[in-house]
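> What follows is a single structure, and I will ask about it in a moment.
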Amino acid sequence: MTDSALETVLRRDRWIVSGAIGVVVALAWSYVLWLANDMDMGGMDMTGFRMIPAGIGIMLPANEPWRVIEFTYVFLMWVIMMVGMMAPSATPMILMYARVARQAMAQGKPFAATGWFAAGYLLAWSGFSLAATFLQWVIERMAMLDSRMTLANNLLGAFVLIAVGIYQWTPLKDACLVQCQSPLLFLMRHGGFRGHPRGSLLLGLRHGGYCVGCCWLLMALLFIGGVMNVLWIALLALLVLLEKLTPVGRWIARAAGIACVGAGAWLLAFSLQ
């Protein structure tokens with residue numbers, strides 16, 4: 001590639017990176033929709049059985065222990081679902097990193113650093129997905145999860161809603177949200193652009209860690225509305241997007257917290273009747 005051609009490509013980095021993220025998000029949502037359609041099974045009675053989110057109609061008796069293949073499929077489900085939900089809100093940060101990378105690297109591999117940064121971000125959410133898979137296994141073993149991966153215990157659901165609502169008002173939530181809302185400020189606070197793969201990966205991992213700290217408890221709401229409820233997944237993804245990308249994101253987070261506490265209190269009262 002000639003110098004002039006390389007310069008032209010670099011000037012279009014925003015479109016290239018945005019397009020790549022768009023393709024990844026579209027594939028992730030396609031996979032989620034495929035799994036959700038498979039989990040539905042035409043409304044058939046699933047009493048006494050559970051579905052493995054593999055997209056090929058695998059069912060097992062509800063009381064049978066998890067197998068390695070089931071754990072793997074559930075983990076894959078969580079990873080891809082997190083990619084579809086979180087990548088859109090991380091786009092400004094990734095684009096900012098690509099812009100800084102373009103300015104810092106006149107030659108060499110202009111998009112490599114951005115790729116490593118994005119990989120670090122997704123690695124953080126993969127770690128969360130592993131924890132979520134373990135949690136789902138525990139809840140399912142306690143017979144508190146129905147065939148559609150929804151909490152079957154209203155009392156536990158009430159406590160989850162209240163916990164989520166309270167967390168939305170905590171200083172930790174605010175501290176993590178600030179890091180997610182200001183890409184340039186994040187780079188300035190954490191040493192700026194890293195030209196080597198390890199540095200970019202670790203910086204992306206750090207940003208992903210803040211993002212997980214901001215949203216981890218919100219993801220527990222998936223067990224309230226259904227882990228494979230596409231509308232519920234989309235609403236949570238929209239909430240995360242509004243929290244991070246709007247000037248009033250902090251107040252949106254707090255308003256959502258009030259709503260969760262109210263819903264939890266109502267469900268708690270209903271459960272104790």
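We name chains A, B, ... following the order of the structure tokens; residues begin at 1 in each chain, and ligands are numbered from 1 as shown.
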Can I get the residues of segment 123-190 of chain A within 10 Å of segment 26-43 of chain A, each with the closest pair of atoms and their distance in Å to one decimal, using only C-alpha atoms, sorted chain first then ascending number, as a Markdown table?


```
| residue | atom | partner | partner_atom | distance |
| --- | --- | --- | --- | --- |
| A:Ser147 | CA | A:Met39 | CA | 8.6 |
| A:Arg148 | CA | A:Met39 | CA | 7.1 |
| A:Met149 | CA | A:Met39 | CA | 9.6 |
```

> Write the residues you've just listed into a file as a compact mmCIF listing (two decimals), in the first residue's frame, and include C-alpha atoms for each of them.


```txt
# COMPACT_ATOMS: atom_id res chain seq x y z
CA SER A 147 -37.42 -23.64 31.53
CA ARG A 148 -37.19 -20.15 29.98
CA MET A 149 -34.36 -19.11 32.29
```

> When you count only C-alpha atoms, which of these residues is closest to Val17 of chain A: A:Asn229, A:Gln103, A:Thr114, A:Thr246?

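Among the listed residues, A:Thr114 lies closest to Val17 of chain A.
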
> Which is closer to Thr72 of chain A than all the others in A:Ala263, A:Ala118, A:Leu235, A:Ala54, using only C-alpha atoms?

A:Ala54

> Just list as a ChimeraX atom specification whatever in segment 95-170 of chain A DSSP marks as alpha helix (DSSP H).

/A:95-104,112-141,154-167

> Keeping C-alpha atoms, export the residues of the selection given above as a CSV table (one decimal), in the first residue's frame.


```
chain,number,residue,atom,x,y,z
A,95,LEU,CA,-13.5,5.2,18.1
A,96,MET,CA,-11.6,7.6,20.4
A,97,TYR,CA,-8.9,5.0,20.8
A,98,ALA,CA,-8.8,4.5,17.0
A,99,ARG,CA,-8.5,8.3,16.5
A,100,VAL,CA,-5.6,8.6,19.0
A,101,ALA,CA,-4.0,5.5,17.4
A,102,ARG,CA,-4.1,7.2,14.0
A,103,GLN,CA,-2.5,10.3,15.3
A,104,ALA,CA,0.2,8.3,17.1
A,112,ALA,CA,-3.9,-3.3,15.4
A,113,ALA,CA,-3.9,-1.3,18.6
A,114,THR,CA,-7.6,-0.6,18.3
A,115,GLY,CA,-8.3,-4.3,17.8
A,116,TRP,CA,-6.3,-5.2,20.9
A,117,PHE,CA,-8.1,-2.5,22.9
A,118,ALA,CA,-11.5,-3.9,21.8
A,119,ALA,CA,-10.3,-7.4,22.6
A,120,GLY,CA,-9.4,-6.3,26.1
A,121,TYR,CA,-12.8,-4.8,26.6
A,122,LEU,CA,-14.6,-8.0,25.4
A,123,LEU,CA,-12.3,-10.0,27.7
A,124,ALA,CA,-13.6,-8.2,30.7
A,125,TRP,CA,-17.2,-9.1,29.7
A,126,SER,CA,-16.1,-12.6,29.0
A,127,GLY,CA,-15.0,-12.8,32.6
A,128,PHE,CA,-18.4,-11.5,33.7
A,129,SER,CA,-20.1,-14.1,31.4
A,130,LEU,CA,-18.2,-16.9,33.1
A,131,ALA,CA,-19.4,-15.7,36.5
A,132,ALA,CA,-23.0,-15.3,35.2
A,133,THR,CA,-22.8,-18.9,33.9
A,134,PHE,CA,-21.8,-20.2,37.3
A,135,LEU,CA,-24.6,-18.1,38.9
A,136,GLN,CA,-27.1,-19.6,36.5
A,137,TRP,CA,-25.9,-23.1,37.3
A,138,VAL,CA,-26.3,-22.4,41.0
A,139,ILE,CA,-29.8,-21.0,40.6
A,140,GLU,CA,-30.9,-23.8,38.4
A,141,ARG,CA,-29.5,-26.4,40.8
A,154,ASN,CA,-40.9,-14.2,43.5
A,155,LEU,CA,-39.2,-13.5,46.8
A,156,LEU,CA,-35.7,-13.8,45.3
A,157,GLY,CA,-36.8,-11.8,42.3
A,158,ALA,CA,-38.0,-9.0,44.7
A,159,PHE,CA,-34.6,-8.9,46.5
A,160,VAL,CA,-32.8,-8.8,43.1
A,161,LEU,CA,-34.9,-5.8,42.0
A,162,ILE,CA,-34.3,-3.9,45.2
A,163,ALA,CA,-30.6,-4.7,45.1
A,164,VAL,CA,-30.3,-3.4,41.5
A,165,GLY,CA,-32.2,-0.3,42.4
A,166,ILE,CA,-30.0,0.5,45.4
A,167,TYR,CA,-26.8,-0.1,43.4
```

> Record the distance separating atom CA of Val74 of chain A and atom CA of Cys260 of chain A, expressed in Å with one decimal.

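Here the two named atoms are 26.3 Å from each other.
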
> Using only C-alpha atoms for the distances, tell me which of A:Pro183, A:Pro92, A:Gly225, A:Gly208 is nearest to Ala152 of chain A.

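For Ala152 of chain A, the nearest of the given residues is A:Gly225.
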